[in-house]
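Here is run_20.cif, consisting of mmCIF, C-alpha atoms and all ligand atoms; chains and numbers go by the auth columns:
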```cif
data_input
#
loop_
_atom_site.group_PDB
_atom_site.id
_atom_site.type_symbol
_atom_site.label_atom_id
_atom_site.label_comp_id
_atom_site.label_asym_id
_atom_site.label_seq_id
_atom_site.Cartn_x
_atom_site.Cartn_y
_atom_site.Cartn_z
_atom_site.B_iso_or_equiv
_atom_site.auth_seq_id
_atom_site.auth_asym_id
ATOM 1 C CA MET A 1 -55.402 -149.519 -10.811 0.00 25 A
ATOM 2 C CA LYS A 2 -55.518 -148.249 -14.381 0.00 26 A
ATOM 3 C CA LEU A 3 -59.249 -148.589 -14.488 0.00 27 A
ATOM 4 C CA HIS A 4 -59.558 -146.814 -11.189 0.00 28 A
ATOM 5 C CA ASN A 5 -57.491 -143.887 -12.465 0.00 29 A
ATOM 6 C CA LEU A 6 -59.604 -143.667 -15.599 0.00 30 A
ATOM 7 C CA THR A 7 -62.781 -143.652 -13.571 0.00 31 A
ATOM 8 C CA LEU A 8 -61.395 -140.954 -11.318 0.00 32 A
ATOM 9 C CA THR A 9 -60.352 -138.822 -14.274 0.00 33 A
ATOM 10 C CA PHE A 10 -63.783 -139.203 -15.820 0.00 34 A
ATOM 11 C CA LEU A 11 -65.464 -138.249 -12.566 0.00 35 A
ATOM 12 C CA LEU A 12 -63.242 -135.205 -12.146 0.00 36 A
ATOM 13 C CA LEU A 13 -64.052 -134.101 -15.685 0.00 37 A
ATOM 14 C CA LEU A 14 -67.723 -134.562 -14.966 0.00 38 A
ATOM 15 C CA ILE A 15 -67.580 -132.512 -11.789 0.00 39 A
ATOM 16 C CA GLY A 16 -65.096 -129.877 -12.770 0.00 40 A
ATOM 17 C CA GLY A 17 -66.127 -129.134 -16.334 0.00 41 A
ATOM 18 C CA ASN A 18 -63.201 -127.464 -18.050 0.00 42 A
ATOM 19 C CA LEU A 19 -60.290 -128.473 -15.840 0.00 43 A
ATOM 20 C CA ALA A 20 -57.589 -126.959 -18.026 0.00 44 A
ATOM 21 C CA ALA A 21 -55.345 -124.909 -15.821 0.00 45 A
ATOM 22 C CA ALA A 22 -51.688 -124.034 -15.757 0.00 46 A
ATOM 23 C CA ASP A 23 -49.091 -123.094 -13.197 0.00 47 A
ATOM 24 C CA LEU A 24 -47.159 -119.868 -13.400 0.00 48 A
ATOM 25 C CA THR A 25 -43.732 -120.013 -11.815 0.00 49 A
ATOM 26 C CA GLY A 26 -40.924 -117.557 -12.006 0.00 50 A
ATOM 27 C CA VAL A 27 -38.366 -115.414 -10.326 0.00 51 A
ATOM 28 C CA VAL A 28 -38.209 -111.719 -9.557 0.00 52 A
ATOM 29 C CA ASN A 29 -34.638 -110.513 -9.970 0.00 53 A
ATOM 30 C CA ARG A 30 -34.844 -107.080 -8.399 0.00 54 A
ATOM 31 C CA LYS A 31 -32.515 -105.713 -5.802 0.00 55 A
ATOM 32 C CA PRO A 32 -34.263 -104.653 -2.610 0.00 56 A
ATOM 33 C CA ALA A 33 -34.738 -100.906 -2.328 0.00 57 A
ATOM 34 C CA GLU A 34 -32.204 -99.107 -0.151 0.00 58 A
ATOM 35 C CA GLN A 35 -33.574 -98.640 3.304 0.00 59 A
ATOM 36 C CA ALA A 36 -33.214 -95.440 5.220 0.00 60 A
ATOM 37 C CA ALA A 37 -31.158 -96.157 8.338 0.00 61 A
ATOM 38 C CA THR A 38 -33.490 -97.152 11.148 0.00 62 A
ATOM 39 C CA LYS A 39 -32.843 -95.685 14.522 0.00 63 A
ATOM 40 C CA THR A 40 -33.127 -98.638 16.830 0.00 64 A
ATOM 41 C CA VAL A 41 -34.413 -97.396 20.119 0.00 65 A
ATOM 42 C CA ASP A 42 -35.758 -100.657 21.469 0.00 66 A
ATOM 43 C CA ARG A 43 -34.682 -101.700 24.900 0.00 67 A
ATOM 44 C CA TYR A 44 -34.720 -105.439 24.306 0.00 68 A
ATOM 45 C CA ARG A 45 -32.367 -105.870 21.396 0.00 69 A
ATOM 46 C CA GLU A 46 -29.293 -106.517 23.514 0.00 70 A
ATOM 47 C CA ARG A 47 -31.028 -109.490 25.114 0.00 71 A
ATOM 48 C CA THR A 48 -31.463 -111.423 21.884 0.00 72 A
ATOM 49 C CA ALA A 49 -29.023 -113.247 19.680 0.00 73 A
ATOM 50 C CA ALA A 50 -28.470 -112.303 16.042 0.00 74 A
ATOM 51 C CA PRO A 51 -31.691 -112.863 14.162 0.00 75 A
ATOM 52 C CA THR A 52 -31.989 -116.170 12.353 0.00 76 A
ATOM 53 C CA ASN A 53 -35.036 -117.843 10.964 0.00 77 A
ATOM 54 C CA ASP A 54 -36.037 -121.495 10.987 0.00 78 A
ATOM 55 C CA ASN A 55 -33.684 -122.541 8.182 0.00 79 A
ATOM 56 C CA GLY A 56 -30.766 -120.755 9.793 0.00 80 A
ATOM 57 C CA SER A 57 -30.443 -117.884 7.335 0.00 81 A
ATOM 58 C CA THR A 58 -30.453 -114.336 8.540 0.00 82 A
ATOM 59 C CA CYS A 59 -32.560 -111.424 7.403 0.00 83 A
ATOM 60 C CA ALA A 60 -36.055 -112.831 7.420 0.00 84 A
ATOM 61 C CA CYS A 61 -36.394 -109.399 9.011 0.00 85 A
ATOM 62 C CA ASN A 62 -36.004 -107.628 5.694 0.00 86 A
ATOM 63 C CA PRO A 63 -39.336 -107.373 3.869 0.00 87 A
ATOM 64 C CA GLY A 64 -37.434 -105.890 0.913 0.00 88 A
ATOM 65 C CA LEU A 65 -36.224 -109.371 -0.061 0.00 89 A
ATOM 66 C CA TYR A 66 -39.713 -110.644 -0.829 0.00 90 A
ATOM 67 C CA SER A 67 -41.889 -109.889 -3.833 0.00 91 A
ATOM 68 C CA VAL A 68 -45.597 -110.326 -4.173 0.00 92 A
ATOM 69 C CA VAL A 69 -46.965 -111.424 -7.541 0.00 93 A
ATOM 70 C CA TRP A 70 -50.631 -111.456 -8.498 0.00 94 A
ATOM 71 C CA LEU A 71 -52.873 -111.707 -11.531 0.00 95 A
ATOM 72 C CA THR A 72 -55.856 -109.618 -12.437 0.00 96 A
ATOM 73 C CA GLY A 73 -58.233 -110.407 -15.269 0.00 97 A
ATOM 74 C CA ASP A 74 -61.812 -110.240 -16.486 0.00 98 A
ATOM 75 C CA SER A 75 -63.169 -113.528 -15.215 0.00 99 A
ATOM 76 C CA LEU A 76 -61.494 -114.537 -12.000 0.00 100 A
ATOM 77 C CA PRO A 77 -62.712 -117.530 -10.019 0.00 101 A
ATOM 78 C CA PRO A 78 -63.765 -116.854 -6.433 0.00 102 A
ATOM 79 C CA ILE A 79 -61.237 -116.670 -3.621 0.00 103 A
ATOM 80 C CA THR A 80 -60.873 -119.793 -1.554 0.00 104 A
ATOM 81 C CA GLN A 81 -60.025 -119.433 2.113 0.00 105 A
ATOM 82 C CA PRO A 82 -56.967 -121.282 3.427 0.00 106 A
ATOM 83 C CA LYS A 83 -57.641 -124.430 5.464 0.00 107 A
ATOM 84 C CA THR A 84 -55.392 -123.276 8.284 0.00 108 A
ATOM 85 C CA THR A 85 -55.173 -119.753 9.641 0.00 109 A
ATOM 86 C CA PRO A 86 -52.167 -117.924 8.168 0.00 110 A
ATOM 87 C CA THR A 87 -49.845 -116.601 10.856 0.00 111 A
ATOM 88 C CA MET A 88 -47.466 -113.712 11.166 0.00 112 A
ATOM 89 C CA ALA A 89 -45.431 -114.502 14.271 0.00 113 A
ATOM 90 C CA GLN A 90 -43.251 -112.200 16.301 0.00 114 A
ATOM 91 C CA LYS A 91 -40.042 -114.164 16.624 0.00 115 A
ATOM 92 C CA ASP A 92 -36.434 -113.102 17.203 0.00 116 A
ATOM 93 C CA MET A 93 -37.637 -109.516 17.149 0.00 117 A
ATOM 94 C CA MET A 94 -39.011 -109.834 13.627 0.00 118 A
ATOM 95 C CA PHE A 95 -42.336 -110.423 12.025 0.00 119 A
ATOM 96 C CA GLN A 96 -42.160 -113.841 10.383 0.00 120 A
ATOM 97 C CA PRO A 97 -42.993 -113.968 7.568 0.00 121 A
ATOM 98 C CA ALA A 98 -42.089 -110.371 6.802 0.00 122 A
ATOM 99 C CA VAL A 99 -44.465 -110.371 3.814 0.00 123 A
ATOM 100 C CA LEU A 100 -47.742 -112.282 3.770 0.00 124 A
ATOM 101 C CA SER A 101 -50.422 -112.515 1.078 0.00 125 A
ATOM 102 C CA VAL A 102 -54.027 -113.506 1.730 0.00 126 A
ATOM 103 C CA GLY A 103 -57.423 -113.357 0.050 0.00 127 A
ATOM 104 C CA VAL A 104 -60.110 -110.902 1.157 0.00 128 A
ATOM 105 C CA GLY A 105 -61.932 -112.147 4.244 0.00 129 A
ATOM 106 C CA THR A 106 -58.991 -114.127 5.625 0.00 130 A
ATOM 107 C CA THR A 107 -58.219 -114.175 9.343 0.00 131 A
ATOM 108 C CA VAL A 108 -54.533 -113.830 10.227 0.00 132 A
ATOM 109 C CA SER A 109 -53.093 -114.849 13.582 0.00 133 A
ATOM 110 C CA PHE A 110 -50.223 -112.915 15.223 0.00 134 A
ATOM 111 C CA PRO A 111 -48.626 -115.196 17.849 0.00 135 A
ATOM 112 C CA ASN A 112 -45.855 -113.844 20.063 0.00 136 A
ATOM 113 C CA ARG A 113 -43.023 -116.410 20.129 0.00 137 A
ATOM 114 C CA ASP A 114 -40.446 -114.240 21.893 0.00 138 A
ATOM 115 C CA PRO A 115 -39.870 -114.286 25.650 0.00 139 A
ATOM 116 C CA PHE A 116 -40.898 -110.653 25.948 0.00 140 A
ATOM 117 C CA PHE A 117 -43.795 -108.414 25.007 0.00 141 A
ATOM 118 C CA HIS A 118 -44.627 -107.300 21.499 0.00 142 A
ATOM 119 C CA ASN A 119 -47.350 -105.157 20.076 0.00 143 A
ATOM 120 C CA VAL A 120 -48.888 -105.329 16.605 0.00 144 A
ATOM 121 C CA PHE A 121 -50.530 -102.390 14.922 0.00 145 A
ATOM 122 C CA SER A 122 -51.207 -100.784 11.559 0.00 146 A
ATOM 123 C CA TYR A 123 -52.305 -97.356 10.379 0.00 147 A
ATOM 124 C CA SER A 124 -52.916 -98.576 6.834 0.00 148 A
ATOM 125 C CA LYS A 125 -56.231 -97.577 5.296 0.00 149 A
ATOM 126 C CA PRO A 126 -57.571 -101.021 4.302 0.00 150 A
ATOM 127 C CA ARG A 127 -57.290 -102.256 7.899 0.00 151 A
ATOM 128 C CA LYS A 128 -56.315 -100.118 10.860 0.00 152 A
ATOM 129 C CA PHE A 129 -55.821 -102.092 14.068 0.00 153 A
ATOM 130 C CA ASP A 130 -53.904 -102.149 17.321 0.00 154 A
ATOM 131 C CA LEU A 131 -53.664 -105.471 19.139 0.00 155 A
ATOM 132 C CA GLY A 132 -52.035 -103.981 22.240 0.00 156 A
ATOM 133 C CA ARG A 133 -49.069 -105.559 24.004 0.00 157 A
ATOM 134 C CA TYR A 134 -49.026 -109.256 24.758 0.00 158 A
ATOM 135 C CA PRO A 135 -46.489 -111.780 26.069 0.00 159 A
ATOM 136 C CA GLU A 136 -44.983 -115.006 24.712 0.00 160 A
ATOM 137 C CA GLY A 137 -47.506 -117.739 23.981 0.00 161 A
ATOM 138 C CA GLU A 138 -50.404 -115.374 23.382 0.00 162 A
ATOM 139 C CA THR A 139 -51.876 -114.527 20.032 0.00 163 A
ATOM 140 C CA ALA A 140 -54.421 -112.186 18.542 0.00 164 A
ATOM 141 C CA GLU A 141 -56.297 -112.326 15.257 0.00 165 A
ATOM 142 C CA VAL A 142 -57.354 -109.829 12.643 0.00 166 A
ATOM 143 C CA VAL A 143 -59.817 -110.336 9.784 0.00 167 A
ATOM 144 C CA PHE A 144 -58.713 -108.610 6.595 0.00 168 A
ATOM 145 C CA ASP A 145 -61.921 -107.815 4.752 0.00 169 A
ATOM 146 C CA LYS A 146 -60.695 -105.143 2.342 0.00 170 A
ATOM 147 C CA ALA A 147 -58.152 -105.480 -0.458 0.00 171 A
ATOM 148 C CA GLY A 148 -54.938 -103.495 -0.209 0.00 172 A
ATOM 149 C CA VAL A 149 -51.509 -103.379 1.357 0.00 173 A
ATOM 150 C CA ILE A 150 -51.251 -103.211 5.136 0.00 174 A
ATOM 151 C CA LYS A 151 -47.995 -102.186 6.751 0.00 175 A
ATOM 152 C CA VAL A 152 -47.543 -103.754 10.168 0.00 176 A
ATOM 153 C CA PHE A 153 -45.437 -102.477 13.067 0.00 177 A
ATOM 154 C CA CYS A 154 -44.632 -103.123 16.713 0.00 178 A
ATOM 155 C CA GLU A 155 -44.766 -100.036 18.871 0.00 179 A
ATOM 156 C CA ILE A 156 -42.157 -101.451 21.271 0.00 180 A
ATOM 157 C CA HIS A 157 -39.516 -102.322 18.661 0.00 181 A
ATOM 158 C CA TYR A 158 -39.201 -99.712 15.958 0.00 182 A
ATOM 159 C CA SER A 159 -37.095 -101.972 13.730 0.00 183 A
ATOM 160 C CA MET A 160 -39.979 -104.436 13.290 0.00 184 A
ATOM 161 C CA ARG A 161 -42.036 -104.026 10.133 0.00 185 A
ATOM 162 C CA ALA A 162 -43.975 -106.301 7.797 0.00 186 A
ATOM 163 C CA TYR A 163 -46.554 -106.227 5.027 0.00 187 A
ATOM 164 C CA ILE A 164 -49.836 -108.013 4.491 0.00 188 A
ATOM 165 C CA HIS A 165 -51.309 -107.999 0.984 0.00 189 A
ATOM 166 C CA VAL A 166 -55.021 -108.634 0.756 0.00 190 A
ATOM 167 C CA PHE A 167 -56.359 -109.699 -2.631 0.00 191 A
ATOM 168 C CA GLU A 168 -59.654 -109.981 -4.447 0.00 192 A
ATOM 169 C CA THR A 169 -57.987 -112.286 -6.976 0.00 193 A
ATOM 170 C CA PRO A 170 -57.352 -115.950 -6.079 0.00 194 A
ATOM 171 C CA TYR A 171 -54.099 -115.847 -8.074 0.00 195 A
ATOM 172 C CA PHE A 172 -51.354 -114.481 -5.855 0.00 196 A
ATOM 173 C CA ALA A 173 -48.081 -115.569 -4.278 0.00 197 A
ATOM 174 C CA THR A 174 -45.343 -114.249 -2.043 0.00 198 A
ATOM 175 C CA SER A 175 -41.882 -115.059 -3.329 0.00 199 A
ATOM 176 C CA ASP A 176 -39.158 -116.612 -1.228 0.00 200 A
ATOM 177 C CA ASP A 177 -36.159 -114.480 -0.270 0.00 201 A
ATOM 178 C CA LYS A 178 -34.529 -115.296 -3.628 0.00 202 A
ATOM 179 C CA GLY A 179 -37.521 -114.011 -5.588 0.00 203 A
ATOM 180 C CA SER A 180 -38.930 -117.395 -6.665 0.00 204 A
ATOM 181 C CA PHE A 181 -42.695 -117.674 -6.773 0.00 205 A
ATOM 182 C CA SER A 182 -45.386 -120.071 -7.926 0.00 206 A
ATOM 183 C CA ILE A 183 -49.064 -119.502 -8.673 0.00 207 A
ATOM 184 C CA PRO A 184 -50.778 -122.825 -9.359 0.00 208 A
ATOM 185 C CA ASN A 185 -53.915 -123.769 -11.320 0.00 209 A
ATOM 186 C CA ILE A 186 -54.603 -120.663 -13.343 0.00 210 A
ATOM 187 C CA ARG A 187 -57.486 -120.890 -15.790 0.00 211 A
ATOM 188 C CA PRO A 188 -56.531 -120.140 -19.394 0.00 212 A
ATOM 189 C CA GLY A 189 -57.172 -116.531 -20.330 0.00 213 A
ATOM 190 C CA GLN A 190 -55.771 -113.040 -20.525 0.00 214 A
ATOM 191 C CA TYR A 191 -54.282 -111.598 -17.371 0.00 215 A
ATOM 192 C CA VAL A 192 -52.130 -108.788 -16.100 0.00 216 A
ATOM 193 C CA VAL A 193 -49.276 -109.874 -13.858 0.00 217 A
ATOM 194 C CA HIS A 194 -48.470 -107.402 -11.086 0.00 218 A
ATOM 195 C CA VAL A 195 -45.243 -107.432 -9.085 0.00 219 A
ATOM 196 C CA TRP A 196 -44.816 -105.588 -5.790 0.00 220 A
ATOM 197 C CA GLN A 197 -41.630 -105.123 -3.834 0.00 221 A
ATOM 198 C CA GLU A 198 -41.132 -102.796 -0.909 0.00 222 A
ATOM 199 C CA ASN A 199 -40.422 -99.177 -1.900 0.00 223 A
ATOM 200 C CA LEU A 200 -40.065 -100.092 -5.585 0.00 224 A
ATOM 201 C CA PRO A 201 -42.433 -99.171 -8.409 0.00 225 A
ATOM 202 C CA GLU A 202 -45.012 -101.832 -9.262 0.00 226 A
ATOM 203 C CA ILE A 203 -44.323 -103.813 -12.429 0.00 227 A
ATOM 204 C CA THR A 204 -47.165 -104.972 -14.670 0.00 228 A
ATOM 205 C CA ARG A 205 -47.054 -107.276 -17.636 0.00 229 A
ATOM 206 C CA GLU A 206 -49.786 -108.779 -19.818 0.00 230 A
ATOM 207 C CA ILE A 207 -49.818 -112.532 -20.251 0.00 231 A
ATOM 208 C CA THR A 208 -51.911 -115.162 -21.947 0.00 232 A
ATOM 209 C CA VAL A 209 -52.323 -118.317 -19.925 0.00 233 A
ATOM 210 C CA THR A 210 -52.941 -121.502 -21.881 0.00 234 A
ATOM 211 C CA ASP A 211 -53.076 -125.046 -20.513 0.00 235 A
ATOM 212 C CA GLN A 212 -49.268 -125.178 -20.570 0.00 236 A
ATOM 213 C CA PRO A 213 -47.088 -124.309 -17.567 0.00 237 A
ATOM 214 C CA MET A 214 -45.476 -120.874 -17.800 0.00 238 A
ATOM 215 C CA ARG A 215 -42.286 -119.451 -16.426 0.00 239 A
ATOM 216 C CA MET A 216 -41.446 -115.768 -16.069 0.00 240 A
ATOM 217 C CA GLU A 217 -38.315 -113.862 -15.247 0.00 241 A
ATOM 218 C CA ILE A 218 -38.973 -110.388 -13.984 0.00 242 A
ATOM 219 C CA GLU A 219 -36.131 -107.872 -13.827 0.00 243 A
HETATM 220 CU CU CU B . -41.955 -105.967 19.319 0.00 301 B
#
```
As structure tokens - that is how I would like this structure written.
Ligand SMILES: [Cu+2]
Amino acid sequence: MKLHNLTLTFLLLLIGGNLAAADLTGVVNRKPAEQAATKTVDRYRERTAAPTNDNGSTCACNPGLYSVVWLTGDSLPPITQPKTTPTMAQKDMMFQPAVLSVGVGTTVSFPNRDPFFHNVFSYSKPRKFDLGRYPEGETAEVVFDKAGVIKVFCEIHYSMRAYIHVFETPYFATSDDKGSFSIPNIRPGQYVVHVWQENLPEITREITVTDQPMRMEIE
């Protein structure tokens, strides 16, 4: 077993060249921005129970709880496409997840998992689209081929909103609803960390990544 591991390590070194890489983990401790009161004019709300997500907590509906963290730098490795298509479902009258991050060129699927119609559209510059209205069990896909932030809505339910961040850097992460995030396998070097949160000013911070794991707290 030991020998096998050594052989494997040697092979990986041979193939990968400089394999030194470190993980950046951390937490964003910012309060969500105050939201202007939304006039709910949808006709379906009374039919549904209080919104809960898969782990039973409420407020997956609030994009303001999630941060997006990404790194820019001089020599970034290429973006790798995810093995499975990322999804942004319409469920319990919310987009889930409410904030999604992908690399440029990624296809995102928008399945409707509610027993009534939804619509998905965006007016955002990097990717304008309108998927029309479709019922439970149907999905539609969009390719995001330009970097930027895309705000997503449903024209039937005005309270539904979400964000898709499209990146040219391979180093990005969406936090959980407590602000925790993790960006694995970063090559050593100089980077700028960027932090986005809905309706709050972007934070930037310079960091030097070595081969040691790093942890950041962002206020
Ligand atoms: Cu809807």
Taking all listed atoms of stretch 151-163 of chain A, build the axis-aligned box, pad each of the six sides by 6 Å, then write its centre and edge lengths in Å to one decimal as AutoDock Vina command-line options.
```
--center_x -51.1 --center_y -108.9 --center_z 17.0 --size_x 24.3 --size_y 29.6 --size_z 30.2
```
At most 9 Å is the cut-off: for each residue in chain A with any atom that close to an atom of ligand CU 301 (chain B), write down the nearest atom pair and the distance in Å rounded to one decimal, counting all atoms listed in the file, chain first then increasing number, as CSV.
```
residue,atom,partner,partner_atom,distance
A:Asp66,CA,B:CU301,CU,8.4
A:Tyr68,CA,B:CU301,CU,8.8
A:Gln114,CA,B:CU301,CU,7.0
A:Lys115,CA,B:CU301,CU,8.8
A:Met117,CA,B:CU301,CU,6.0
A:Met118,CA,B:CU301,CU,7.5
A:Phe119,CA,B:CU301,CU,8.6
A:Asn136,CA,B:CU301,CU,8.8
A:Asp138,CA,B:CU301,CU,8.8
A:Phe140,CA,B:CU301,CU,8.2
A:Phe141,CA,B:CU301,CU,6.5
A:His142,CA,B:CU301,CU,3.7
A:Asn143,CA,B:CU301,CU,5.5
A:Val144,CA,B:CU301,CU,7.5
A:Arg157,CA,B:CU301,CU,8.5
A:Phe177,CA,B:CU301,CU,8.0
A:Cys178,CA,B:CU301,CU,4.7
A:Glu179,CA,B:CU301,CU,6.6
A:Ile180,CA,B:CU301,CU,4.9
A:His181,CA,B:CU301,CU,4.4
A:Tyr182,CA,B:CU301,CU,7.6
A:Ser183,CA,B:CU301,CU,8.4
A:Met184,CA,B:CU301,CU,6.5
```
Discussion item. Please list as a list of chain:residue names every residue within 10 Å of A:Thr131, counting all atoms listed in the file and excluding residues in the same chain fewer than 5 positions away.
Written reply: A:Gln105, A:Pro106, A:Thr108, A:Thr109, A:Pro110, A:Thr111, A:Val126, A:Glu165, A:Val166, A:Val167, A:Phe168, A:Asp169
Practice prompt. Provide the atom CA of A:Gln120 to atom CA of A:Pro225 distance in Å, to one decimal place.
Written response: 23.8 Å
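For the file at hand, the PyMOL selection byres (((chain A and resi 229-235) around 8) and not hetatm) resolves to Ala44, Ala45, Ala46, Ile210, Arg211, Pro212, Gly213, Gln214, Tyr215, Val216, Val217, His218, Ile227, Thr228, Gln236, Pro237 and Met238 of chain A.
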File dump, residues just selected, C-alpha atoms, as a compact mmCIF listing (two decimals), in the frame of the given file:
```
# COMPACT_ATOMS: atom_id res chain seq x y z
CA ALA A 44 -57.59 -126.96 -18.03
CA ALA A 45 -55.34 -124.91 -15.82
CA ALA A 46 -51.69 -124.03 -15.76
CA ILE A 210 -54.60 -120.66 -13.34
CA ARG A 211 -57.49 -120.89 -15.79
CA PRO A 212 -56.53 -120.14 -19.39
CA GLY A 213 -57.17 -116.53 -20.33
CA GLN A 214 -55.77 -113.04 -20.52
CA TYR A 215 -54.28 -111.60 -17.37
CA VAL A 216 -52.13 -108.79 -16.10
CA VAL A 217 -49.28 -109.87 -13.86
CA HIS A 218 -48.47 -107.40 -11.09
CA ILE A 227 -44.32 -103.81 -12.43
CA THR A 228 -47.16 -104.97 -14.67
CA GLN A 236 -49.27 -125.18 -20.57
CA PRO A 237 -47.09 -124.31 -17.57
CA MET A 238 -45.48 -120.87 -17.80
```
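Using all atoms listed in the file, the shortest contact distance between A:Glu243 and any of A:Pro101, A:Ser206, A:Val219, A:Ser199 is found at A:Val219.
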Item to complete: Rank nothing, just name the residue among A:Val51, A:Met112, A:Val128, A:Ala186 nearest to A:Asn86, using only C-alpha atoms.
Response: A:Ala186
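The smallest atom-to-atom distance between A:Thr104 and any of A:Ser146, A:Thr49, A:Thr130, A:Asn223, using only C-alpha atoms, is found for A:Thr130.
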Can you patch up stretch 105-117 of chain A, filling it in to N, CA and C atoms, and show the result as a PDB file, in the frame of the given file?
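This is the output file part05.pdb:
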```
ATOM      1  N   GLN A 105     -60.701-119.712   0.838  1.00  0.00           N
ATOM      2  CA  GLN A 105     -60.025-119.433   2.113  1.00  0.00           C
ATOM      3  C   GLN A 105     -59.069-120.572   2.451  1.00  0.00           C
ATOM      4  N   PRO A 106     -57.926-120.231   3.051  1.00  0.00           N
ATOM      5  CA  PRO A 106     -56.967-121.282   3.427  1.00  0.00           C
ATOM      6  C   PRO A 106     -57.553-122.192   4.508  1.00  0.00           C
ATOM      7  N   LYS A 107     -57.100-123.465   4.504  1.00  0.00           N
ATOM      8  CA  LYS A 107     -57.641-124.430   5.464  1.00  0.00           C
ATOM      9  C   LYS A 107     -57.139-124.152   6.881  1.00  0.00           C
ATOM     10  N   THR A 108     -55.909-123.645   6.963  1.00  0.00           N
ATOM     11  CA  THR A 108     -55.392-123.276   8.284  1.00  0.00           C
ATOM     12  C   THR A 108     -55.181-121.764   8.315  1.00  0.00           C
ATOM     13  N   THR A 109     -55.296-121.198   9.489  1.00  0.00           N
ATOM     14  CA  THR A 109     -55.173-119.753   9.641  1.00  0.00           C
ATOM     15  C   THR A 109     -53.737-119.313   9.355  1.00  0.00           C
ATOM     16  N   PRO A 110     -53.527-118.422   8.389  1.00  0.00           N
ATOM     17  CA  PRO A 110     -52.167-117.924   8.168  1.00  0.00           C
ATOM     18  C   PRO A 110     -51.672-117.163   9.406  1.00  0.00           C
ATOM     19  N   THR A 111     -50.391-117.293   9.679  1.00  0.00           N
ATOM     20  CA  THR A 111     -49.845-116.601  10.856  1.00  0.00           C
ATOM     21  C   THR A 111     -48.732-115.652  10.447  1.00  0.00           C
ATOM     22  N   MET A 112     -48.623-114.600  11.229  1.00  0.00           N
ATOM     23  CA  MET A 112     -47.466-113.712  11.166  1.00  0.00           C
ATOM     24  C   MET A 112     -46.965-113.612  12.602  1.00  0.00           C
ATOM     25  N   ALA A 113     -45.922-114.409  12.894  1.00  0.00           N
ATOM     26  CA  ALA A 113     -45.431-114.502  14.271  1.00  0.00           C
ATOM     27  C   ALA A 113     -44.482-113.354  14.588  1.00  0.00           C
ATOM     28  N   GLN A 114     -44.329-113.080  15.851  1.00  0.00           N
ATOM     29  CA  GLN A 114     -43.251-112.200  16.301  1.00  0.00           C
ATOM     30  C   GLN A 114     -42.207-113.105  16.922  1.00  0.00           C
ATOM     31  N   LYS A 115     -41.068-113.198  16.233  1.00  0.00           N
ATOM     32  CA  LYS A 115     -40.042-114.164  16.624  1.00  0.00           C
ATOM     33  C   LYS A 115     -38.671-113.560  16.372  1.00  0.00           C
ATOM     34  N   ASP A 116     -37.777-113.684  17.332  1.00  0.00           N
ATOM     35  CA  ASP A 116     -36.434-113.102  17.203  1.00  0.00           C
ATOM     36  C   ASP A 116     -36.510-111.630  16.805  1.00  0.00           C
ATOM     37  N   MET A 117     -37.481-110.950  17.376  1.00  0.00           N
ATOM     38  CA  MET A 117     -37.637-109.516  17.149  1.00  0.00           C
ATOM     39  C   MET A 117     -37.934-109.155  15.700  1.00  0.00           C
TER      40      MET A 117
END
```
